[in-house]
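S.K.: Sharing a structure below in structure tokens format, with a few things to ask.
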Amino acid sequence: MTFPRPFRALAFGFLAASALFAADRAPVRLEVDAREATRKIFHARLTIPVEPGPLTLLSPKWLPGEHGPTGPIADVAGLRIRAGGQAIPWTRDSVDMYAFRCDVPPGTSEIEVLLDYLSPAAAGGFSSGASATANLAVLNWNPLLLYPKGADPDTLQYAASLRLPPGWSHATALVPESTGASGDSVRFLPVSLTTLVDSPVLAGAHFRVVTLSTDAPAHRIDIAADSEAALAMDARTQSAYRNLVAETGALFGARHYRHYDFLLTLSDTVAHFGLEHHESSDDRVAERSLIDEEKRKANLADLLSHEMVHSWNGKYRRPAGLMPGHFDEPMRGDLLWVYEGLTQYLGVVLAARSANITPEQYRDLLALTAADMEAQKGRSWRTLADTAVTAQVLYEARSDWGSWRRGVDFYPESNLLWLEADTLIRRETRGSKSLDDFCRLFFGGKSGPPAVVPYTEDDVYAALHRIAPHDWKRFWTERLQSLAPGAPVGGIVAAGWKLGWADTPSEMQKAREEAGKVTDVRFSIGIFVAEDGSIPDVVPDSPAARAGIGPGMRLAAVNGRRWSRDILREAIRGTGGKALELLVENGEFYRSYRLEYSGGERYPRLERDPNRPDLLSLIARPLAPPPPAK
Ligand SMILES: [Zn+2]
């Protein structure tokens, strides 16, 4: 991918790359040896064209899509720099941990850099989290390379090659130039540093490619799993993902990629998340997510649709603050309520339109989102805008006291707010326009290879205004700066529904509890409980909080009997007038807590308001005719 220069120049007054590393120089050669991936170590050798004199080499620090300084520099090891077989000493900058300085000897035109990336074994984190198992690996290039300070990542070229364990297959957005005879090594066509960092490789022993569309641009789901059995995506799921391709086309009206590859990892021992790229996405879920319906509902409901939406919202159109010129320049997250918030909204809507979830499951997800925001008591001190600005530290925040701290609420809360914007457009235009029209206007344009068009907050308001004249700046400012308690449910109400409560968990909540191995009784007594009894968080002001229970404690017994999900639920159900006794372990000490609660079980559900038209059903209706089955 090459970013069109005029946009960059316009947005940042960006200066041309240093003459030292101009685009017409030979590419940096990057040879990665992943044959020891199963031992959690990757080896890299770089050959970098240079001029004699002082040189600073950088490791990418600010990673696109992760919205923070998450380059795993502590896991870069074995760094050696050489020229003509002679070692060149290096020193690290004492302030910037990602910068290495050396002096290139006279007469030297290229240096060799050797380094290893130590891939974590424990799950957790994002791309720098666990990424390799005994059977598969997701390879991100950023910790396996250095680049000369001052070079322009959009023009500096890298010719990458990769060696894999014997018998492994692979997929990536990169285009192969040649493949070794055994198929275990591949050389890719040179690409810019920006594109290389944006193009991870998924590889593994158990591998399958599901073709979603063959017409240009082609769409595929490339799957690597920890077992052959886990690859069995059924025909109904395949058909839903084909629908997703058709629905994104109908929504946006143009595509900004040459092909699109979902790189789907199925493993219980890698970090679980989705990370967007322009022509691919790195989607990692539990091993049995395709073959166990509960896990599919919990882990895959809207994951692929969310990451795919990012190809338009996040990659093609990107907030100016999330598009620094270099990987060593800080990002600003203040527009993440658009980048992530609108993607969250569209990801769930597209999951419903493509039949990845049913209309009822779509409503269950909205009910859970509204209830989650209801429980976020930190909404009384921290604005939604502040969660976006603080994204770079909030992603790593712990779960304890999470409902007082607030987390990355610019996903779930913005989901509710974009629903409200959608209903407002439909109301103001008497049903002739919707947020779909905004999406087509803002993210559509002309189809073609990857490009980036940056935007500002005012660009968003202006585009919304073109669809439905309204004081959009005021609409968003009020909501982004609000400290009002209670979830913003204006969109749900305007769509003809309201947040209600049932005495049994919804299908989607059950699936989440099963997959996450937790029991969620936040909306009755104010806690959720992990499988081992530990209490990751307590909702402030809830019955549990008032009784003195805090996060980090461990539930041992309920009304004198060893705790289990059923025992806890039965006790909550039967609290008619009786107090609930919880025996709780706090470190090495046990104590009994008496909860004053008599409200029975309480789980969120949307209830229909017959006095208003049902816009949610309209929003969830497919735009595209279903593609023919293949
Ligand atoms: Zn996202």
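Chain labels follow the order of the structure tokens: the first chain is A, the next B, and so on; residue numbering restarts at 1 in every chain, and ligands are counted from 1 in their shown order.
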Could you produce a table of the residues of chain A lying within 7 Å of ligand 1, with the nearest pair of atoms per residue and their separation in Å rounded to one decimal, using only C-alpha atoms and all ligand atoms, ordered by chain and increasing residue number, as JSON lines?
M.R.:
{"residue": "A:Leu275", "atom": "CA", "partner": "ligand 1", "partner_atom_place_in_ligand_line": "1 (Zn)", "distance": 6.9}
{"residue": "A:Glu276", "atom": "CA", "partner": "ligand 1", "partner_atom_place_in_ligand_line": "1 (Zn)", "distance": 6.7}
{"residue": "A:His306", "atom": "CA", "partner": "ligand 1", "partner_atom_place_in_ligand_line": "1 (Zn)", "distance": 6.2}
{"residue": "A:Glu307", "atom": "CA", "partner": "ligand 1", "partner_atom_place_in_ligand_line": "1 (Zn)", "distance": 6.0}
{"residue": "A:His310", "atom": "CA", "partner": "ligand 1", "partner_atom_place_in_ligand_line": "1 (Zn)", "distance": 6.6}
{"residue": "A:Glu340", "atom": "CA", "partner": "ligand 1", "partner_atom_place_in_ligand_line": "1 (Zn)", "distance": 4.9}
{"residue": "A:Thr343", "atom": "CA", "partner": "ligand 1", "partner_atom_place_in_ligand_line": "1 (Zn)", "distance": 6.3}
{"residue": "A:Gln344", "atom": "CA", "partner": "ligand 1", "partner_atom_place_in_ligand_line": "1 (Zn)", "distance": 6.8}
S.K.: Please provide as a PyMOL selection string all residues within 7 Å of segment 529-545 of chain A, with the sequence filter that same-chain residues fewer than 3 positions apart are discarded (counting only C-alpha atoms).
M.R.: chain A and resi 375+377+399-404+517-520+522+525-526+548-556+595-597
S.K.: Point out the residue among A:Tyr411, A:Phe273, A:Tyr98, A:Phe443 with the least atom-to-atom distance to Ala286 of chain A, counting only C-alpha atoms.
M.R.: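 The shortest atom-to-atom distance to Ala286 of chain A comes from A:Phe273.
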S.K.: Could you pull out the strand (DSSP E or B) residues of segment 309-378 of chain A, going by DSSP on the backbone, and write them as a list in words?
M.R.: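 Going through segment 309-378 of chain A, the strand (DSSP E or B) residues come out as Asn313, Arg317, Arg318 and Pro319 of chain A.
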S.K.: Within 8 Å of Leu336 of chain A, counting only C-alpha atoms, which residues show up once you throw out same-chain ones fewer than 3 positions away? Write them as a PDB file with C-alpha atoms, in the first residue's frame, please.
M.R.:
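Okay, this is what ended up in part.pdb:
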ATOM      1  CA  GLY A 333      -6.973   9.065  20.485  1.00  0.00           C
ATOM      2  CA  TYR A 339     -12.760   5.072  14.691  1.00  0.00           C
ATOM      3  CA  GLU A 340     -13.770   2.393  17.208  1.00  0.00           C
ATOM      4  CA  GLY A 341     -17.231   3.567  18.302  1.00  0.00           C
ATOM      5  CA  ALA A 388     -10.814   8.047  24.149  1.00  0.00           C
ATOM      6  CA  PHE A 410     -15.630   4.548  23.448  1.00  0.00           C
TER       7      PHE A 410
END
S.K.: So, counting only C-alpha atoms, which residue among A:Asp215, A:Asp234, A:Asp364, A:Glu36 is closest to Asp292 of chain A?
M.R.: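 Using only C-alpha atoms, the shortest distance to Asp292 of chain A belongs to A:Asp234.
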